[in-house]
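Below you'll find the structure, written out as structure tokens, and then a few comments.
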Amino acid sequence: MGFVSNGMNNLPGRSAAGTALQQMHGSGLLTHAVLIGVDLGPNLSVTGSLATILWLIALRRDNAEITTWEFLKTGAIIMPVSLVLTLLMLR
């Protein structure tokens with residue numbers, strides 16, 4: 001779910017996941033795992049979340065130039081690590 005929410009943005013991803021979990025009568029652990037994926041996943045790329053786009057606009061307005069490529073390179077390291085560590089804590 002973490003990678004899916006980058007392709008379709010986290011808000012529609014969360015809605016789709018919520019509907020699917022409701023239909024499946026998902027367990028608490030599965031629900032938590034999906035929510036973590038939807039919340040942390042968009043940290044991979046700029047397009048994953050509206051909040052990320054708004055933060056980048058604010059940073060650029062304050063002359064902190066962060067390119068999309070720099071964000072993606074950093075997100076490619078940080079997001080999977082934080083996602084795996086957080087999911088491991090669910091056990």
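Residues are named by chain letter and number: chains run A, B, ... in the order of the structure tokens, numbers start at 1 in each chain, and ligands are numbered from 1 in the order shown.
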
Interface rows for range 38-77 of chain A against range 12-32 of chain A: nearest pair, Å to one decimal, 12 Å, only C-alpha atoms, as a Markdown table:
```
| residue | atom | partner | partner_atom | distance |
| --- | --- | --- | --- | --- |
| A:Val38 | CA | A:Arg14 | CA | 6.1 |
| A:Asp39 | CA | A:Arg14 | CA | 8.4 |
| A:Leu40 | CA | A:Arg14 | CA | 11.6 |
| A:Gly41 | CA | A:Gly13 | CA | 10.3 |
| A:Pro42 | CA | A:Gly13 | CA | 10.1 |
| A:Gly48 | CA | A:Gly13 | CA | 9.8 |
| A:Ser49 | CA | A:Pro12 | CA | 10.2 |
| A:Leu50 | CA | A:Pro12 | CA | 11.3 |
```

Output for the residues just chosen: N, CA, C and O atoms as a PDB file, in the first residue's frame:
```pdb
ATOM      1  N   VAL A  38      -0.239   3.615   3.954  1.00  0.00           N
ATOM      2  CA  VAL A  38      -0.849   4.774   3.303  1.00  0.00           C
ATOM      3  C   VAL A  38      -0.247   6.075   3.835  1.00  0.00           C
ATOM      4  O   VAL A  38      -0.071   7.037   3.086  1.00  0.00           O
ATOM      5  N   ASP A  39       0.093   6.106   5.118  1.00  0.00           N
ATOM      6  CA  ASP A  39       0.639   7.333   5.703  1.00  0.00           C
ATOM      7  C   ASP A  39       2.130   7.524   5.428  1.00  0.00           C
ATOM      8  O   ASP A  39       2.581   8.641   5.188  1.00  0.00           O
ATOM      9  N   LEU A  40       2.909   6.462   5.472  1.00  0.00           N
ATOM     10  CA  LEU A  40       4.354   6.591   5.243  1.00  0.00           C
ATOM     11  C   LEU A  40       4.731   6.493   3.769  1.00  0.00           C
ATOM     12  O   LEU A  40       5.729   7.071   3.351  1.00  0.00           O
ATOM     13  N   GLY A  41       3.960   5.777   3.004  1.00  0.00           N
ATOM     14  CA  GLY A  41       4.270   5.568   1.591  1.00  0.00           C
ATOM     15  C   GLY A  41       4.485   6.832   0.786  1.00  0.00           C
ATOM     16  O   GLY A  41       5.424   6.919  -0.011  1.00  0.00           O
ATOM     17  N   PRO A  42       3.654   7.862   0.955  1.00  0.00           N
ATOM     18  CA  PRO A  42       3.814   9.069   0.146  1.00  0.00           C
ATOM     19  C   PRO A  42       5.121   9.824   0.382  1.00  0.00           C
ATOM     20  O   PRO A  42       5.438  10.745  -0.351  1.00  0.00           O
ATOM     21  N   GLY A  48       3.223  11.852  -4.021  1.00  0.00           N
ATOM     22  CA  GLY A  48       2.496  10.965  -3.127  1.00  0.00           C
ATOM     23  C   GLY A  48       1.517  11.649  -2.211  1.00  0.00           C
ATOM     24  O   GLY A  48       0.582  11.032  -1.728  1.00  0.00           O
ATOM     25  N   SER A  49       1.716  12.931  -1.957  1.00  0.00           N
ATOM     26  CA  SER A  49       0.866  13.597  -0.983  1.00  0.00           C
ATOM     27  C   SER A  49       0.758  15.086  -1.295  1.00  0.00           C
ATOM     28  O   SER A  49       1.747  15.732  -1.646  1.00  0.00           O
ATOM     29  N   LEU A  50      -0.417  15.626  -1.140  1.00  0.00           N
ATOM     30  CA  LEU A  50      -0.617  17.062  -1.312  1.00  0.00           C
ATOM     31  C   LEU A  50       0.192  17.829  -0.277  1.00  0.00           C
ATOM     32  O   LEU A  50       0.761  18.887  -0.576  1.00  0.00           O
TER      33      LEU A  50
END
```

* DSSP helix (DSSP H, G or I) residues within chain A, listed as a PyMOL selection string -> chain A and resi 4-8+10-24+28-43+46-48+50-61+68-89

As a short mmCIF file (atom, residue, chain, number, x, y, z; two decimals) with C-alpha atoms, in the first residue's frame, please: the residues near range 69-85 of chain A (cut-off 10 Å, only C-alpha atoms, same-chain neighbours under 6 positions excluded).
```
data_model
loop_
_atom_site.label_atom_id
_atom_site.label_comp_id
_atom_site.auth_asym_id
_atom_site.auth_seq_id
_atom_site.Cartn_x
_atom_site.Cartn_y
_atom_site.Cartn_z
CA GLY A 2 2.95 2.30 0.62
CA PHE A 3 4.03 2.26 -3.00
CA ALA A 33 -0.52 -2.15 8.53
CA ILE A 36 0.86 2.81 8.10
CA GLY A 37 1.55 2.07 4.43
CA VAL A 38 -0.85 4.77 3.30
CA ASP A 39 0.64 7.33 5.70
CA LEU A 40 4.35 6.59 5.24
CA GLY A 41 4.27 5.57 1.59
CA PRO A 42 3.81 9.07 0.15
CA ASN A 43 7.17 10.08 1.62
CA LEU A 44 8.82 8.33 -1.31
CA SER A 45 7.97 10.88 -3.98
CA VAL A 46 6.67 14.41 -4.33
CA THR A 47 3.45 13.27 -5.98
CA THR A 52 4.48 17.20 0.42
CA LEU A 56 8.01 22.06 -1.15
#
```

* Using only C-alpha atoms: which of A:Leu35, A:Ala64, A:Ala58, A:Ile53 has the shortest distance to Leu87 in chain A -> A:Leu35
